[in-house]
Amino acid sequence: GGPGSGGPGPGGPDPGPGPGGPGGGGNTAPDGGPVPAAALDPAALGAPSATPLPMAPMSAAAPEALRTLGASRSGVADGRPDEGGAVLDADTGYVGTGHVLGGRYTLEGNPLRSHGGAEEWFAHDAILDRRVQVLLLPRGGRRNPAVLDAARRAALVEDHRLLRVLDVEDADEFDYVVTEPVRGADLGMLARRGGLPADQACAVVGETASALEAARRHGVHHLALVPGSVHVTDDGEILLTGLGVDAALLGTEDEEASPLETSRRDAVDLVRLLYLALTGTWPDPAAGAPPAAGALRPGTPVDLEGLCAATLAEGAGPRSTGELIVDLAPWPDIDLARLPQPVAPPPAPPAGAVRPAGPVVAASAGASAAGAE
């Protein structure tokens, strides 16, 4: 590999240039192998995924489900958190395309997706004359204060690999969070047909770990990492979404956990992403210990296979994002020419025409119960 962007050690300085890295290459069927998610009983998978976020223009193959080990009850088989993972107790509100938030942000088109009882929209910022993305929280949602607090804390972390939080509003009409638009294919799209070259898997996960290490030094953790959280932009950079906010929205944060426990949780989830990037198969936490990465993809480097096994099967491995960075370094630059063609998830049911102003309803208690099983 050529010159790359290395990650900092625990408590170290911001990432700087690093040496080049080496080159690199669910459910179970009756024979013990993984079963494609498309073959699973839809009832066992829970609610279908929401429409994926629009990406920067790029060529993508026909839609295809992401392989997963274990019937995912958290809705991440196709790369995104379950949209019914938490109940936001809210009164019905009214919003639609053309609605203006705070006298500044005009909602455009249809909602990009719904999750945790909230909706994501594109919007136009009338003051700065630019497109932004809005996370619109339900009126009176009981988790709204936690989401807004998480967004404010995430905004204090400066790292070019983190989705920028531009505005956080606690308004009489609606609470909302404004970010830059998400861009680039996510890791689930890139890994759907067998994974990435091993050194590129290291680069993607290593850069993501470096972003989370920068956040950790500010006391901020992700705690809800899934394949849809990590994007690779058209300029070969990582873009990590949902820092702190997704966990608050979905209720997956643990306020009683110690800093060591939260650091370990992000580190383990990063190794799950590494396993996906190496094998093309998502090791759902509910499925228990996954098979060795080399069993699914022969030729997987022994050190990376051992890292996945120690972390996901033996309860060992890195205790923090900083320790994972040390385990993965050095890694090369992300080389777009060597990444697989992105494959979109299966489409959601048609949403119909552009929606006029209408109700926004909180997630039902029944959906929440199903997502928590």
# chains A, B, ... in the order shown; residues from 1 in each chain; ligands from 1
$ select_by_dssp --residues "region 125-307 of chain A" --states "strand (DSSP E)" --output "VMD selection string"
chain A and resid 125 130 to 136 165 to 170 175 to 179 185 to 186 230 to 232 238 to 240 281 to 283
$ atom_distance --atom1 "CA of Gly236 (chain A)" --atom2 "CA of Asp333 (chain A)"
8.1 Å
$ closest_residue --among "A:Asp284, A:Glu169, A:Glu119, A:Asp254" --to "Asp149 (chain A)" --atoms "only C-alpha atoms"
A:Glu169
$ closest_residue --among "A:Ala289, A:Ala295, A:Leu101, A:Val178" --to "Ala310 (chain A)" --atoms "only C-alpha atoms"
A:Ala289
$ closest_atom_pairs --of "region 233-267 of chain A" --to "region 183-187 of chain A" --cutoff "12 Å" --atoms "only C-alpha atoms" --output "JSON lines"
{"residue": "A:Thr233", "atom": "CA", "partner": "A:Gly184", "partner_atom": "CA", "distance": 4.1}
{"residue": "A:Asp234", "atom": "CA", "partner": "A:Gly184", "partner_atom": "CA", "distance": 6.1}
{"residue": "A:Asp235", "atom": "CA", "partner": "A:Gly184", "partner_atom": "CA", "distance": 9.1}
{"residue": "A:Gly236", "atom": "CA", "partner": "A:Gly184", "partner_atom": "CA", "distance": 9.2}
{"residue": "A:Glu237", "atom": "CA", "partner": "A:Gly184", "partner_atom": "CA", "distance": 9.1}
{"residue": "A:Ile238", "atom": "CA", "partner": "A:Gly184", "partner_atom": "CA", "distance": 8.7}
{"residue": "A:Leu239", "atom": "CA", "partner": "A:Arg183", "partner_atom": "CA", "distance": 7.7}
{"residue": "A:Leu240", "atom": "CA", "partner": "A:Asp186", "partner_atom": "CA", "distance": 9.4}
{"residue": "A:Thr241", "atom": "CA", "partner": "A:Arg183", "partner_atom": "CA", "distance": 10.1}
$ write_last_selection --atoms "N, CA, C and O atoms" --output "PDB file, in the first residue's frame"
ATOM      1  N   THR A 233     -17.364   8.295   0.946  1.00  0.00           N
ATOM      2  CA  THR A 233     -17.740   9.352   0.020  1.00  0.00           C
ATOM      3  C   THR A 233     -17.003   9.195  -1.307  1.00  0.00           C
ATOM      4  O   THR A 233     -16.060   8.404  -1.442  1.00  0.00           O
ATOM      5  N   ASP A 234     -17.406   9.992  -2.281  1.00  0.00           N
ATOM      6  CA  ASP A 234     -16.811   9.919  -3.612  1.00  0.00           C
ATOM      7  C   ASP A 234     -15.369  10.405  -3.651  1.00  0.00           C
ATOM      8  O   ASP A 234     -14.675  10.205  -4.645  1.00  0.00           O
ATOM      9  N   ASP A 235     -14.910  11.066  -2.578  1.00  0.00           N
ATOM     10  CA  ASP A 235     -13.509  11.466  -2.534  1.00  0.00           C
ATOM     11  C   ASP A 235     -12.685  10.538  -1.651  1.00  0.00           C
ATOM     12  O   ASP A 235     -11.563  10.865  -1.258  1.00  0.00           O
ATOM     13  N   GLY A 236     -13.232   9.352  -1.326  1.00  0.00           N
ATOM     14  CA  GLY A 236     -12.479   8.348  -0.605  1.00  0.00           C
ATOM     15  C   GLY A 236     -12.335   8.608   0.881  1.00  0.00           C
ATOM     16  O   GLY A 236     -11.402   8.112   1.515  1.00  0.00           O
ATOM     17  N   GLU A 237     -13.263   9.350   1.447  1.00  0.00           N
ATOM     18  CA  GLU A 237     -13.242   9.635   2.878  1.00  0.00           C
ATOM     19  C   GLU A 237     -14.380   8.882   3.579  1.00  0.00           C
ATOM     20  O   GLU A 237     -15.390   8.548   2.966  1.00  0.00           O
ATOM     21  N   ILE A 238     -14.176   8.641   4.872  1.00  0.00           N
ATOM     22  CA  ILE A 238     -15.220   8.040   5.695  1.00  0.00           C
ATOM     23  C   ILE A 238     -16.162   9.131   6.191  1.00  0.00           C
ATOM     24  O   ILE A 238     -15.727  10.235   6.552  1.00  0.00           O
ATOM     25  N   LEU A 239     -17.443   8.849   6.250  1.00  0.00           N
ATOM     26  CA  LEU A 239     -18.422   9.736   6.872  1.00  0.00           C
ATOM     27  C   LEU A 239     -19.245   8.892   7.837  1.00  0.00           C
ATOM     28  O   LEU A 239     -19.969   7.984   7.417  1.00  0.00           O
ATOM     29  N   LEU A 240     -19.120   9.179   9.120  1.00  0.00           N
ATOM     30  CA  LEU A 240     -19.818   8.431  10.160  1.00  0.00           C
ATOM     31  C   LEU A 240     -21.031   9.217  10.617  1.00  0.00           C
ATOM     32  O   LEU A 240     -20.931  10.386  10.999  1.00  0.00           O
ATOM     33  N   THR A 241     -22.190   8.586  10.597  1.00  0.00           N
ATOM     34  CA  THR A 241     -23.438   9.244  10.970  1.00  0.00           C
ATOM     35  C   THR A 241     -23.961   8.706  12.301  1.00  0.00           C
ATOM     36  O   THR A 241     -23.587   7.627  12.742  1.00  0.00           O
TER      37      THR A 241
END
$ select_by_dssp --residues "region 94-297 of chain A" --states "alpha helix (DSSP H)" --output "PyMOL selection string"
chain A and resi 144-155+187-191+198-216+245-250+259-279+293-296
$ atom_distance --atom1 "CA of Ala201 (chain A)" --atom2 "CA of Leu249 (chain A)"
28.4 Å
$ closest_residue --among "A:Glu158, A:Asp246, A:Asp335, A:Glu213" --to "Ala118 (chain A)" --atoms "only C-alpha atoms"
A:Asp246
$ closest_residue --among "A:Gly116, A:Gly141, A:Gly219, A:Gly228" --to "Met189 (chain A)" --atoms "only C-alpha atoms"
A:Gly228
$ residues_around --residues "Pro197 (chain A)" --least-positions-apart "3" --cutoff "10 Å" --atoms "only C-alpha atoms" --output "list in words"
Gly23, Gly24, Gly25, Ala191, Gly194, Gln200, Ala201, Cys202, Ala203, Ala277, Leu278, Thr279, Thr300, Arg338, Leu339 and Pro340 of chain A
$ closest_residue --among "A:Val177, A:Leu223, A:Leu66, A:Ala123" --to "Gly96 (chain A)" --atoms "only C-alpha atoms"
A:Ala123
$ closest_residue --among "A:His124, A:Arg319, A:Arg192, A:Arg143" --to "Arg264 (chain A)" --atoms "only C-alpha atoms"
A:Arg319
$ residues_around --residues "Gly315 (chain A)" --least-positions-apart "3" --cutoff "12 Å" --atoms "only C-alpha atoms" --output "count of residues only"
15
